[in-house]
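Colleague: Next comes data23.txt, compact mmCIF, C-alpha atoms and all ligand atoms:
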```
# COMPACT_ATOMS: atom_id res chain seq x y z
CA MET A 151 0.00 0.00 0.00
CA LYS A 152 1.27 3.44 -0.87
CA ASN A 153 1.49 6.11 1.81
CA PHE A 154 -1.12 8.32 0.17
CA GLN A 155 -3.57 5.39 0.16
CA LYS A 156 -2.91 4.73 3.84
CA ASN A 157 -3.42 8.37 4.67
CA LEU A 158 -6.58 8.62 2.60
CA TYR A 159 -8.20 5.56 4.13
CA HIS A 160 -7.09 6.61 7.61
CA GLN A 161 -8.69 10.04 7.21
CA LEU A 162 -11.95 8.60 5.88
CA LEU A 163 -12.17 6.11 8.72
CA TYR A 164 -11.11 8.62 11.37
CA ILE A 165 -13.75 11.19 10.40
CA ARG A 166 -16.46 8.51 10.16
CA ARG A 167 -15.60 6.90 13.51
CA VAL A 168 -15.49 10.23 15.34
CA GLN A 169 -18.94 11.08 13.96
CA GLU A 170 -20.32 7.67 14.90
CA GLU A 171 -19.03 7.93 18.44
CA ILE A 172 -20.34 11.47 18.99
CA SER A 173 -23.68 10.28 17.67
CA ASN A 174 -23.68 7.12 19.84
CA ARG A 175 -22.70 8.98 23.01
CA TYR A 176 -24.97 12.02 22.58
CA HIS A 177 -28.08 10.37 24.08
CA PRO A 178 -28.99 9.31 26.67
CA ALA A 179 -25.93 10.76 28.45
CA ASP A 180 -26.86 14.27 27.27
CA ASN A 181 -23.49 15.65 28.29
CA MET A 182 -23.26 17.36 24.91
CA LYS A 183 -26.09 19.79 24.33
CA CYS A 184 -25.20 21.72 21.21
CA PRO A 185 -26.90 21.02 17.86
CA MET A 186 -24.72 18.89 15.59
CA HIS A 187 -24.56 18.74 11.83
CA PHE A 188 -22.86 15.42 11.16
CA CYS A 189 -21.12 14.69 7.86
CA MET A 190 -21.41 10.91 7.69
CA GLY A 191 -21.30 10.01 4.01
CA GLN A 192 -19.57 13.28 3.10
CA GLU A 193 -16.05 12.45 4.33
CA ILE A 194 -14.51 12.19 0.86
CA GLY A 195 -13.90 15.95 0.51
CA PRO A 196 -12.03 16.61 3.77
CA ALA A 197 -10.21 13.25 3.62
CA ALA A 198 -8.86 13.89 0.13
CA LEU A 199 -8.00 17.51 0.90
CA SER A 200 -6.06 16.81 4.10
CA SER A 201 -2.78 15.90 2.35
CA PHE A 202 -2.61 19.23 0.54
CA LEU A 203 -3.18 21.60 3.43
CA ARG A 204 -0.11 23.51 4.54
CA PRO A 205 0.42 25.35 7.82
CA GLY A 206 -0.94 28.85 7.29
CA ASP A 207 -3.72 27.79 4.90
CA ALA A 208 -7.13 28.65 6.23
CA ILE A 209 -10.45 26.81 6.09
CA LEU A 210 -13.69 28.74 6.35
CA SER A 211 -16.49 26.24 6.51
CA HIS A 212 -20.25 25.99 6.62
CA HIS A 213 -22.02 24.37 9.59
CA ARG A 214 -21.29 20.75 8.51
CA SER A 215 -17.69 21.24 9.49
CA HIS A 216 -16.42 18.35 11.63
CA GLY A 217 -14.69 16.57 8.75
CA TYR A 218 -12.77 19.66 7.67
CA PHE A 219 -11.83 20.50 11.25
CA LEU A 220 -10.31 17.03 11.71
CA ALA A 221 -8.71 16.92 8.25
CA ASN A 222 -7.02 20.21 9.11
CA LYS A 223 -5.29 18.58 12.12
CA GLY A 224 -7.72 20.11 14.58
CA SER A 225 -7.32 18.66 18.07
CA LEU A 226 -9.89 15.94 18.76
CA ASN A 227 -9.59 16.53 22.50
CA GLU A 228 -10.42 20.19 22.06
CA MET A 229 -13.26 19.49 19.64
CA ILE A 230 -14.97 16.99 21.93
CA ALA A 231 -14.42 19.26 24.95
CA GLU A 232 -15.99 22.10 22.94
CA PHE A 233 -19.10 20.00 22.34
CA HIS A 234 -19.30 19.38 26.08
CA GLY A 235 -19.24 23.13 26.85
CA LYS A 236 -15.86 22.81 28.58
CA GLU A 237 -13.27 25.54 28.98
CA THR A 238 -10.63 23.26 27.38
CA GLY A 239 -12.60 23.29 24.12
CA THR A 240 -11.40 25.01 20.93
CA ASN A 241 -13.53 28.02 21.80
CA GLY A 242 -13.55 27.68 25.57
CA GLY A 243 -16.83 25.78 25.38
CA LEU A 244 -18.84 28.72 24.02
CA ALA A 245 -19.13 27.84 20.33
CA GLY A 246 -20.28 24.22 20.25
CA SER A 247 -20.44 22.40 16.94
CA GLN A 248 -22.06 25.07 14.80
CA GLU A 249 -19.42 27.75 15.37
CA LEU A 250 -16.48 25.35 15.83
CA SER A 251 -13.35 27.40 15.17
CA CYS A 252 -9.67 27.30 16.03
CA THR A 253 -7.25 30.17 15.46
CA LYS A 254 -4.23 27.86 15.96
CA THR A 255 -5.13 25.90 12.82
CA HIS A 256 -6.83 28.79 10.97
CA PHE A 257 -10.14 26.98 10.96
CA TYR A 258 -13.44 28.85 11.17
CA SER A 259 -17.01 27.70 10.76
CA GLY A 260 -20.34 29.33 11.39
CA THR A 261 -24.08 28.96 11.59
CA ILE A 262 -24.99 31.92 9.42
CA LEU A 263 -25.48 30.23 6.10
CA SER A 264 -22.86 31.39 3.55
CA GLY A 265 -21.32 33.82 6.03
CA ALA A 266 -17.97 32.01 6.05
CA PHE A 267 -18.10 31.87 2.24
CA GLY A 268 -18.19 35.68 2.14
CA MET A 269 -15.48 36.00 4.80
CA SER A 270 -13.10 33.83 2.79
CA LEU A 271 -12.59 36.86 0.52
CA GLY A 272 -11.05 38.88 3.35
CA ASP A 273 -8.91 35.97 4.47
CA ALA A 274 -7.54 35.40 0.96
CA PHE A 275 -7.06 39.13 0.39
CA SER A 276 -4.92 39.35 3.54
CA LYS A 277 -2.72 36.52 2.21
CA VAL A 278 -2.13 38.38 -1.05
CA TYR A 279 -1.61 41.69 0.76
CA LYS A 280 1.00 40.14 3.07
CA ASN A 281 2.59 38.32 0.15
CA GLU A 282 2.05 34.90 1.75
CA ASN A 283 2.01 31.73 -0.29
CA ASN A 284 -0.97 30.26 1.52
CA ILE A 285 -4.44 29.58 0.20
CA THR A 286 -7.95 29.82 1.59
CA ILE A 287 -10.41 26.94 1.44
CA SER A 288 -14.05 27.97 1.50
CA VAL A 289 -16.57 25.19 2.08
CA ILE A 290 -20.30 25.50 1.48
CA GLY A 291 -23.39 23.39 0.69
CA ASP A 292 -25.73 23.52 -2.32
CA GLY A 293 -28.34 25.33 -0.20
CA GLY A 294 -25.83 27.93 0.96
CA MET A 295 -24.98 28.67 -2.67
CA GLU A 296 -28.49 30.12 -3.09
CA GLU A 297 -27.66 33.08 -0.83
CA GLY A 298 -27.00 36.42 -2.56
CA ILE A 299 -23.64 36.90 -0.84
CA CYS A 300 -22.23 34.01 -2.92
CA SER A 301 -22.67 35.97 -6.12
CA GLU A 302 -20.75 38.93 -4.71
CA THR A 303 -18.06 36.66 -3.28
CA LEU A 304 -17.40 34.81 -6.55
CA ASN A 305 -17.34 38.03 -8.52
CA MET A 306 -14.82 39.67 -6.18
CA ALA A 307 -12.69 36.53 -5.91
CA ILE A 308 -12.00 36.39 -9.64
CA LEU A 309 -11.79 40.15 -10.09
CA TYR A 310 -9.18 40.50 -7.33
CA LYS A 311 -7.46 37.21 -8.24
CA LEU A 312 -7.69 35.72 -4.80
CA PRO A 313 -6.20 32.29 -3.96
CA ILE A 314 -9.37 30.52 -2.87
CA LEU A 315 -10.48 26.95 -3.40
CA PHE A 316 -14.27 27.02 -3.17
CA ILE A 317 -15.67 23.60 -2.33
CA CYS A 318 -19.41 23.09 -2.65
CA GLU A 319 -20.62 19.83 -1.14
CA ASN A 320 -23.78 19.15 -3.12
CA ASN A 321 -25.76 16.67 -1.04
CA LYS A 322 -28.91 17.73 -2.91
CA TYR A 323 -30.80 18.88 0.18
CA SER A 324 -31.17 22.18 1.94
CA THR A 325 -32.48 20.97 5.29
CA HIS A 326 -35.40 18.87 3.94
CA THR A 327 -35.95 20.48 0.55
CA LYS A 328 -34.50 18.82 -2.53
CA LEU A 329 -32.49 20.76 -5.09
CA ASN A 330 -35.01 20.17 -7.91
CA GLU A 331 -37.73 21.82 -5.80
CA ARG A 332 -35.52 24.89 -5.33
CA THR A 333 -33.64 25.61 -8.55
CA GLU A 334 -33.74 24.80 -12.26
CA TYR A 335 -30.03 23.98 -12.32
CA GLN A 336 -28.99 20.71 -10.69
CA ASN A 337 -25.25 21.35 -10.70
CA VAL A 338 -23.95 24.41 -8.94
CA SER A 339 -20.73 24.32 -11.00
CA ASP A 340 -22.79 25.00 -14.19
CA ARG A 341 -23.98 28.27 -12.71
CA ILE A 342 -20.46 29.32 -11.71
CA LYS A 343 -19.24 29.45 -15.30
CA GLY A 344 -20.84 32.88 -15.75
CA TYR A 345 -18.42 34.34 -13.19
CA LYS A 346 -15.48 33.26 -15.36
CA ILE A 347 -14.09 31.16 -12.53
CA GLU A 348 -12.56 27.80 -13.38
CA SER A 349 -15.02 25.22 -12.13
CA HIS A 350 -15.03 21.44 -11.76
CA LEU A 351 -17.70 18.87 -11.05
CA PHE A 352 -16.62 15.79 -9.11
CA ASN A 353 -19.22 13.04 -9.41
CA SER A 354 -17.56 9.85 -8.24
CA ASN A 355 -17.11 7.85 -5.06
CA ASP A 356 -13.45 7.09 -5.72
CA PRO A 357 -11.39 8.92 -3.08
CA GLU A 358 -8.18 8.45 -5.09
CA LYS A 359 -9.68 10.36 -8.04
CA LEU A 360 -10.60 13.26 -5.78
CA TYR A 361 -7.16 13.13 -4.18
CA MET A 362 -5.50 13.53 -7.61
CA LEU A 363 -7.87 16.33 -8.57
CA LEU A 364 -7.26 18.24 -5.33
CA LYS A 365 -3.52 17.79 -5.70
CA ASN A 366 -3.71 19.62 -9.05
CA LEU A 367 -6.21 22.25 -7.98
CA THR A 368 -4.43 23.28 -4.78
CA SER A 369 -1.03 23.56 -6.49
CA LYS A 370 -2.59 25.54 -9.35
CA ILE A 371 -4.14 28.03 -6.93
CA ARG A 372 -0.81 28.44 -5.12
CA LYS A 373 0.86 29.21 -8.47
CA THR A 374 -1.74 31.37 -10.22
CA LYS A 375 -3.37 32.96 -7.13
CA LYS A 376 -6.69 32.59 -8.91
CA PRO A 377 -9.80 31.03 -7.39
CA ILE A 378 -11.17 27.65 -8.46
CA PHE A 379 -14.62 26.26 -7.72
CA LEU A 380 -15.10 22.55 -7.08
CA GLU A 381 -18.49 20.93 -6.69
CA ILE A 382 -18.51 17.50 -5.03
CA MET A 383 -21.63 15.37 -5.48
CA THR A 384 -22.22 13.65 -2.17
CA TYR A 385 -24.88 12.45 0.26
CA ARG A 386 -25.39 12.73 3.98
CA PHE A 387 -26.37 9.48 5.72
CA ASN A 388 -27.43 11.19 8.96
CA GLY A 389 -30.33 13.58 9.44
CA HIS A 390 -29.87 17.29 8.70
CA VAL A 391 -29.17 18.00 12.35
CA GLY A 392 -28.52 15.12 14.67
CA PRO A 393 -27.98 12.76 16.18
CA GLU A 394 -31.69 12.08 15.80
CA GLY A 395 -32.60 10.87 12.31
CA ASP A 396 -35.19 12.73 10.26
CA ASP A 397 -36.15 10.22 7.60
CA HIS A 398 -39.55 9.81 9.25
CA TYR A 399 -40.41 13.15 7.57
CA ASN A 400 -40.20 11.21 4.28
CA TYR A 401 -38.38 13.97 2.44
CA ARG A 402 -36.07 11.47 0.73
CA SER A 403 -36.93 7.99 -0.47
CA LYS A 404 -35.55 4.78 0.95
CA ALA A 405 -34.49 3.77 -2.56
CA GLU A 406 -32.38 6.93 -2.81
CA ARG A 407 -30.81 6.37 0.62
CA ASP A 408 -30.04 2.74 -0.20
CA LEU A 409 -28.46 3.69 -3.50
CA TRP A 410 -26.11 6.19 -1.85
CA SER A 411 -25.34 3.81 0.98
CA LYS A 412 -24.10 1.31 -1.63
CA LYS A 413 -21.97 4.09 -3.12
CA ASP A 414 -20.48 5.05 0.28
CA PRO A 415 -16.86 6.10 -0.56
CA LEU A 416 -15.56 4.56 2.68
CA LYS A 417 -17.14 1.16 1.94
CA VAL A 418 -16.16 1.22 -1.70
CA TYR A 419 -12.57 2.21 -0.97
CA ARG A 420 -12.31 -0.40 1.76
CA LYS A 421 -13.41 -3.08 -0.69
CA LYS A 422 -10.94 -1.88 -3.30
CA LEU A 423 -7.98 -1.86 -0.89
CA ASP A 424 -8.99 -5.21 0.57
CA LYS A 425 -9.13 -6.78 -2.89
CA LYS A 426 -5.80 -5.29 -3.91
CA PHE A 427 -3.76 -5.77 -0.73
CA GLY A 428 -5.58 -8.53 1.19
CA ILE A 429 -4.00 -9.35 4.56
CA LYS A 430 -1.66 -6.35 4.41
CA PHE A 431 -4.69 -4.06 4.24
CA LYS A 432 -6.53 -6.00 6.98
CA ASN A 433 -3.58 -5.65 9.36
CA PHE A 434 -3.29 -1.97 8.56
CA GLU A 435 -7.00 -1.42 9.11
CA ASN A 436 -7.03 -3.27 12.44
CA LYS A 437 -4.12 -1.20 13.66
CA ILE A 438 -5.57 2.20 12.71
CA LEU A 439 -9.05 1.29 13.91
CA ASN A 440 -7.62 0.39 17.29
CA ASP A 441 -5.64 3.66 17.42
CA ILE A 442 -8.65 5.73 16.36
CA ASN A 443 -10.94 4.11 18.93
CA LYS A 444 -8.42 4.70 21.71
CA LYS A 445 -7.96 8.30 20.62
CA ILE A 446 -11.73 8.83 20.68
CA ASP A 447 -12.05 7.28 24.16
CA ARG A 448 -9.25 9.52 25.44
CA SER A 449 -10.90 12.62 24.01
CA PHE A 450 -14.23 11.87 25.71
CA ALA A 451 -12.43 11.21 29.00
CA PHE A 452 -10.57 14.52 28.58
CA ALA A 453 -13.84 16.37 27.91
CA LEU A 454 -15.65 14.82 30.86
CA LYS A 455 -12.93 15.63 33.36
CA SER A 456 -12.49 19.22 32.09
CA SER A 457 -14.30 22.09 33.80
CA PHE A 458 -17.33 23.84 32.40
CA ALA A 459 -16.81 27.28 30.93
CA LYS A 460 -17.31 29.83 33.68
CA VAL A 461 -20.38 31.37 32.08
CA TYR A 462 -22.11 27.98 32.18
CA LYS A 463 -21.19 27.46 35.80
CA LYS A 464 -22.92 30.74 36.55
CA TYR A 465 -26.13 29.55 34.85
CA ASN A 466 -25.85 25.99 36.17
CA TYR A 467 -25.55 24.62 32.63
CA GLN A 468 -25.41 20.99 33.73
CA ASN A 469 -28.98 21.10 34.92
CA THR A 470 -30.65 23.27 32.32
CA TYR A 471 -31.44 20.51 29.84
CA HIS A 472 -35.18 20.47 29.86
CA LYS A 473 -36.68 17.30 31.28
CA SER A 474 -39.32 17.28 28.56
CA VAL A 475 -36.70 16.64 25.88
CA LYS A 476 -35.78 13.41 27.58
CA LYS A 477 -39.43 12.51 27.96
CA PHE A 478 -40.08 13.29 24.33
CA PHE A 479 -37.38 10.95 23.16
CA ASN A 480 -38.77 8.27 25.40
CA ASN A 481 -42.18 8.88 23.76
CA ASP A 482 -43.62 9.69 27.19
CA ILE A 483 -45.41 12.80 26.02
CA SER A 484 -46.99 14.17 22.89
CA PHE A 485 -46.89 17.86 22.17
CA ASN A 486 -49.92 20.08 21.92
CA LYS A 487 -49.89 23.68 20.85
CA ASP A 488 -49.96 25.05 24.40
CA GLN A 489 -46.76 23.29 25.27
CA GLU A 490 -43.36 24.64 24.47
CA ASP A 491 -41.80 22.45 21.80
CA HIS A 492 -38.33 21.40 22.88
CA ARG A 493 -37.59 19.16 19.93
CA PRO A 494 -34.33 20.09 18.21
CA MET A 495 -35.00 22.60 15.46
CA PRO A 496 -34.64 21.15 11.96
CA TYR A 497 -31.95 23.74 11.08
C1 LIG B 501 -28.77 33.00 6.88
C2 LIG B 501 -29.35 31.65 7.27
N1 LIG B 501 -30.49 31.25 6.70
C3 LIG B 501 -31.02 30.05 7.03
C4 LIG B 501 -30.38 29.24 7.94
C5 LIG B 501 -31.00 27.90 8.32
N2 LIG B 501 -30.26 26.81 7.69
C6 LIG B 501 -29.27 26.17 8.34
S1 LIG B 501 -28.62 24.93 7.45
C7 LIG B 501 -29.66 25.22 6.17
C8 LIG B 501 -29.61 24.37 4.93
C9 LIG B 501 -28.25 24.36 4.35
O1 LIG B 501 -28.19 23.50 3.26
P1 LIG B 501 -26.82 23.30 2.52
O2 LIG B 501 -26.12 24.59 2.35
O3 LIG B 501 -27.10 22.52 1.28
O4 LIG B 501 -25.94 22.47 3.53
P2 LIG B 501 -26.25 21.05 4.18
O5 LIG B 501 -26.95 21.31 5.47
O6 LIG B 501 -27.07 20.27 3.21
O7 LIG B 501 -24.91 20.44 4.39
C10 LIG B 501 -30.51 26.28 6.44
C11 LIG B 501 -31.54 26.80 5.52
C12 LIG B 501 -29.18 29.71 8.51
N3 LIG B 501 -28.50 28.97 9.39
N4 LIG B 501 -28.67 30.90 8.15
```
Since I need it in another form, could you write the structure as structure tokens?
Ligand SMILES: Cc1ncc(C[n+]2csc(CCOP(=O)(O)OP(=O)(O)O)c2C)c(N)n1

Modeller:
Amino acid sequence: MKNFQKNLYHQLLYIRRVQEEISNRYHPADNMKCPMHFCMGQEIGPAALSSFLRPGDAILSHHRSHGYFLANKGSLNEMIAEFHGKETGTNGGLAGSQELSCTKTHFYSGTILSGAFGMSLGDAFSKVYKNENNITISVIGDGGMEEGICSETLNMAILYKLPILFICENNKYSTHTKLNERTEYQNVSDRIKGYKIESHLFNSNDPEKLYMLLKNLTSKIRKTKKPIFLEIMTYRFNGHVGPEGDDHYNYRSKAERDLWSKKDPLKVYRKKLDKKFGIKFKNFENKILNDINKKIDRSFAFALKSSFAKVYKKYNYQNTYHKSVKKFFNNDISFNKDQEDHRPMPY
């Protein structure tokens, strides 16, 4: 097995396992209380990108950011502590998952849809102004691309020749609304052509193909200082905001989910490596799986033993989780319109 293949598979598995464990441990422990936008199924982008990030590059991401945070060598201990509201978290426990950010690794994400996309302009401009050879990665979803600020951002990026790699993860849904119910175009990269920005559509579940593409695109941006737009066709296996699933709303068919599950890049790549390298791959996988699981356990232990952020101590954060949420998930109560609805918001 080549090193790049090991790294690629490791990243895919690492991001998936972290997501699975956060999801598994969220309820009923309820030690984490922030809304979470998981990226299970969408790991191919961050996993393939990770090898081409250099210290000093920045990532400005949308809300579904965990994969990019981890691919950018973000600390797992600090990320899990952040989700627990602890002062040892990336943002001292005040940001949670939706605003997960880390100045040490130049990683920023935010809840305001497309806000980080707009801010990537300023980040890239500062790199050019200071004559740095770093690039900015700006990650967004297909829904986010419908915001007006994206038009202004793309126009300025090409006009000012800013070194930005725009990555649009097209998972076809904006919360629960499908792309064909929202726009005539079905590929965001088609629309980008009008801005005169080089754009690419990646529609495959082969992580090695995306790795090769990103290798070329990132080095081209470093050389030319011009932006490039990359659309990745993908699918999220989890609900829009989790860990609770949302397929009971029937906004996407079982046939569609099953189809994408079969195309899962992690599964497909695993099969390919297994076939090609047999026992060598199995040994490698066992070793990294063991390491990843231990790392995850350590990060949860670190989060649990850390102290709450002071502001939460003041408001007795540990005890504010409304009892009715727990009851709701145990199906003990049904909501009527006089009752406050404590179900997680679908956005
Ligand atoms: C300005 C703004 N409008 C609306 C929302 C609510 N919202 C959060 S996520 C989301 C859908 C985003 O879809 P997409 O960009 O495709 O990303 P995905 O969640 O599918 O990864 C919406 C409408 C928001 N957070 N900010």

Colleague: If you count all atoms listed in the file, which residues fall within 7 Å of Ser457 in chain A, apart from same-chain ones fewer than 2 positions away, as a compact mmCIF listing (two decimals) with C-alpha atoms, in the coordinates of the input?

Modeller:
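Below you can see selection-v8.txt, which holds the result:
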```txt
# COMPACT_ATOMS: atom_id res chain seq x y z
CA LYS A 236 -15.86 22.81 28.58
CA GLU A 237 -13.27 25.54 28.98
CA LYS A 455 -12.93 15.63 33.36
CA ALA A 459 -16.81 27.28 30.93
```

Colleague: Which is closer to Glu358 in chain A than all the others in A:Asn284, A:Phe154, A:Lys445, A:Phe450, using only C-alpha atoms?

Modeller: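 Between A:Asn284, A:Phe154, A:Lys445, A:Phe450, the residue approaching Glu358 in chain A most closely is A:Phe154.
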
Colleague: Dump as CSV the rows for residues of chain A within 8 Å of ligand LIG 501 (chain B): closest atom pair and distance in Å with one decimal, all atoms listed in the file counted, ordered by chain and rising residue number.

Modeller:
```
residue,atom,partner,partner_atom,distance
A:His187,CA,B:LIG501,O5,7.3
A:Cys189,CA,B:LIG501,O7,7.7
A:His212,CA,B:LIG501,O4,7.4
A:His213,CA,B:LIG501,S1,7.0
A:Arg214,CA,B:LIG501,O7,5.5
A:Thr261,CA,B:LIG501,N3,4.9
A:Ile262,CA,B:LIG501,N4,4.0
A:Leu263,CA,B:LIG501,N4,3.9
A:Ser264,CA,B:LIG501,C1,7.0
A:Gly265,CA,B:LIG501,C1,7.5
A:Ile290,CA,B:LIG501,O2,6.0
A:Gly291,CA,B:LIG501,O2,3.4
A:Asp292,CA,B:LIG501,O3,4.0
A:Gly293,CA,B:LIG501,O3,3.4
A:Gly294,CA,B:LIG501,O2,3.6
A:Met295,CA,B:LIG501,O2,6.6
A:Glu297,CA,B:LIG501,C1,7.8
A:Glu319,CA,B:LIG501,O7,7.0
A:Asn320,CA,B:LIG501,O3,6.5
A:Asn321,CA,B:LIG501,O6,5.7
A:Lys322,CA,B:LIG501,O3,6.6
A:Tyr323,CA,B:LIG501,O6,5.0
A:Ser324,CA,B:LIG501,O1,3.5
A:Thr325,CA,B:LIG501,C8,4.5
A:Arg386,CA,B:LIG501,O7,7.7
A:His390,CA,B:LIG501,O5,5.9
A:Val391,CA,B:LIG501,O5,8.0
A:Tyr497,CA,B:LIG501,C6,4.5
```

Colleague: From the options A:Ala307, A:Lys254, A:Thr327, A:Ser369, which residue's atoms come nearest to Ser201 in chain A, counting all atoms listed in the file?

Modeller: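 Closest to Ser201 in chain A, using all atoms listed in the file: A:Ser369.
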
Colleague: Give, as AutoDock Vina command-line options, the centre coordinates and the x, y and z edge lengths in Å to one decimal for an axis-aligned box around all listed atoms of range 179-194 of chain A, padded by 5 Å on each side.

Modeller:
```
--center_x -20.7 --center_y 15.9 --center_z 14.7 --size_x 22.4 --size_y 21.7 --size_z 37.6
```

Colleague: Could you check the closest approach to Ile446 in chain A for each of A:Asn227, A:Ser259, A:Ser251, A:Gln155 and tell me which residue wins, using all atoms listed in the file?

Modeller: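 The closest residue to Ile446 in chain A is A:Asn227.
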
Colleague: For Ser301 in chain A, which residue among A:Leu271, A:Leu199, A:Ala221, A:Ile342 is the nearest when counting all atoms listed in the file?

Modeller: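 Looking at the shortest contact to Ser301 in chain A, the residue is A:Ile342.
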
Colleague: Can you work out which one of A:Lys437, A:Gly239, A:Gly191, A:Ala198 has the shortest atom-to-atom distance to Leu363 in chain A, counting only C-alpha atoms?

Modeller: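 Distance minimum relative to Leu363 in chain A lands on A:Ala198.
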
Colleague: Rounded to one decimal place, report the CA of Lys417 in chain A-CA of Val289 in chain A distance in Å.

Modeller: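 About the pair CA of Lys417 in chain A and CA of Val289 in chain A: they are 24.0 Å apart.
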
Colleague: What gap, in Å, lies between CA of Met383 in chain A and CA of Leu423 in chain A?

Modeller: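 Distance between the two atoms: 22.5 Å.
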
Colleague: At what distance in Å, to one decimal, does CA of Phe188 in chain A lie from CA of Asn388 in chain A?

Modeller: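 Computing it gives 6.6 Å between the two atoms.
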
Colleague: Using only C-alpha atoms, pick whichever of A:Ala266, A:Leu454, A:Ala208, A:Cys318 has the shortest atom-to-atom distance to Ala179 in chain A.

Modeller: A:Leu454

Colleague: Within 12 Å of (-13.8, 9.9, 27.8), all atoms listed in the file: residues as a list in words?

Modeller: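 Residues satisfying the cut-off, written out: Glu171, Ile172, Arg175, Asn181, Leu226, Asn227, Ile230, Ala231, His234, Asn443, Lys444, Lys445, Ile446, Asp447, Arg448, Ser449, Phe450, Ala451, Phe452, Ala453, Leu454, Lys455 and Ser456 of chain A.
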
Colleague: Identify, on the basis of all atoms listed in the file, every residue whose closest approach to Leu203 in chain A does not exceed 12 Å; exclude the query and any residue fewer than 3 positions from it along the same chain; express the result as a ChimeraX atom specification.

Modeller: /A:196-200,206-209,218-223,255-257,283-287,315,364-365,367-369,372

Colleague: Sorted by chain and rising residue number, list the residues of range 394-421 of chain A at most 10 Å from range 160-168 of chain A (counting all atoms listed in the file), each with its closest atom pair and distance in Å to one decimal, as JSON lines.

Modeller:
```
{"residue": "A:Pro415", "atom": "CA", "partner": "A:Leu162", "partner_atom": "CA", "distance": 8.5}
{"residue": "A:Leu416", "atom": "CA", "partner": "A:Leu162", "partner_atom": "CA", "distance": 6.3}
{"residue": "A:Lys417", "atom": "CA", "partner": "A:Leu163", "partner_atom": "CA", "distance": 9.8}
{"residue": "A:Tyr419", "atom": "CA", "partner": "A:Leu162", "partner_atom": "CA", "distance": 9.4}
{"residue": "A:Arg420", "atom": "CA", "partner": "A:Leu163", "partner_atom": "CA", "distance": 9.5}
```

Colleague: Add whatever atoms are absent from range 419-433 of chain A to reach N, CA and C atoms, and provide the output as a short mmCIF file (atom, residue, chain, number, x, y, z; two decimals), in the coordinates of the input.

Modeller:
```cif
data_model
loop_
_atom_site.label_atom_id
_atom_site.label_comp_id
_atom_site.auth_asym_id
_atom_site.auth_seq_id
_atom_site.Cartn_x
_atom_site.Cartn_y
_atom_site.Cartn_z
N TYR A 419 -14.04 2.14 -1.01
CA TYR A 419 -12.57 2.21 -0.97
C TYR A 419 -12.01 1.05 -0.15
N ARG A 420 -12.71 0.72 0.91
CA ARG A 420 -12.31 -0.40 1.76
C ARG A 420 -12.24 -1.70 0.95
N LYS A 421 -13.31 -1.89 0.15
CA LYS A 421 -13.41 -3.08 -0.69
C LYS A 421 -12.26 -3.12 -1.69
N LYS A 422 -11.98 -1.97 -2.28
CA LYS A 422 -10.94 -1.88 -3.30
C LYS A 422 -9.56 -2.22 -2.70
N LEU A 423 -9.28 -1.63 -1.52
CA LEU A 423 -7.98 -1.86 -0.89
C LEU A 423 -7.85 -3.31 -0.41
N ASP A 424 -8.97 -3.83 0.09
CA ASP A 424 -8.99 -5.21 0.57
C ASP A 424 -8.67 -6.18 -0.57
N LYS A 425 -9.32 -5.92 -1.72
CA LYS A 425 -9.13 -6.78 -2.89
C LYS A 425 -7.68 -6.71 -3.38
N LYS A 426 -7.14 -5.51 -3.36
CA LYS A 426 -5.80 -5.29 -3.91
C LYS A 426 -4.70 -5.76 -2.96
N PHE A 427 -4.88 -5.52 -1.66
CA PHE A 427 -3.76 -5.77 -0.73
C PHE A 427 -4.02 -6.87 0.29
N GLY A 428 -5.25 -7.40 0.33
CA GLY A 428 -5.58 -8.53 1.19
C GLY A 428 -5.15 -8.35 2.64
N ILE A 429 -4.36 -9.30 3.14
CA ILE A 429 -4.00 -9.35 4.56
C ILE A 429 -3.22 -8.10 5.01
N LYS A 430 -2.42 -7.56 4.07
CA LYS A 430 -1.66 -6.35 4.41
C LYS A 430 -2.62 -5.22 4.76
N PHE A 431 -3.70 -5.11 3.97
CA PHE A 431 -4.69 -4.06 4.24
C PHE A 431 -5.41 -4.36 5.56
N LYS A 432 -5.79 -5.63 5.76
CA LYS A 432 -6.53 -6.00 6.98
C LYS A 432 -5.72 -5.65 8.23
N ASN A 433 -4.45 -5.96 8.20
CA ASN A 433 -3.58 -5.65 9.36
C ASN A 433 -3.50 -4.14 9.59
#
```
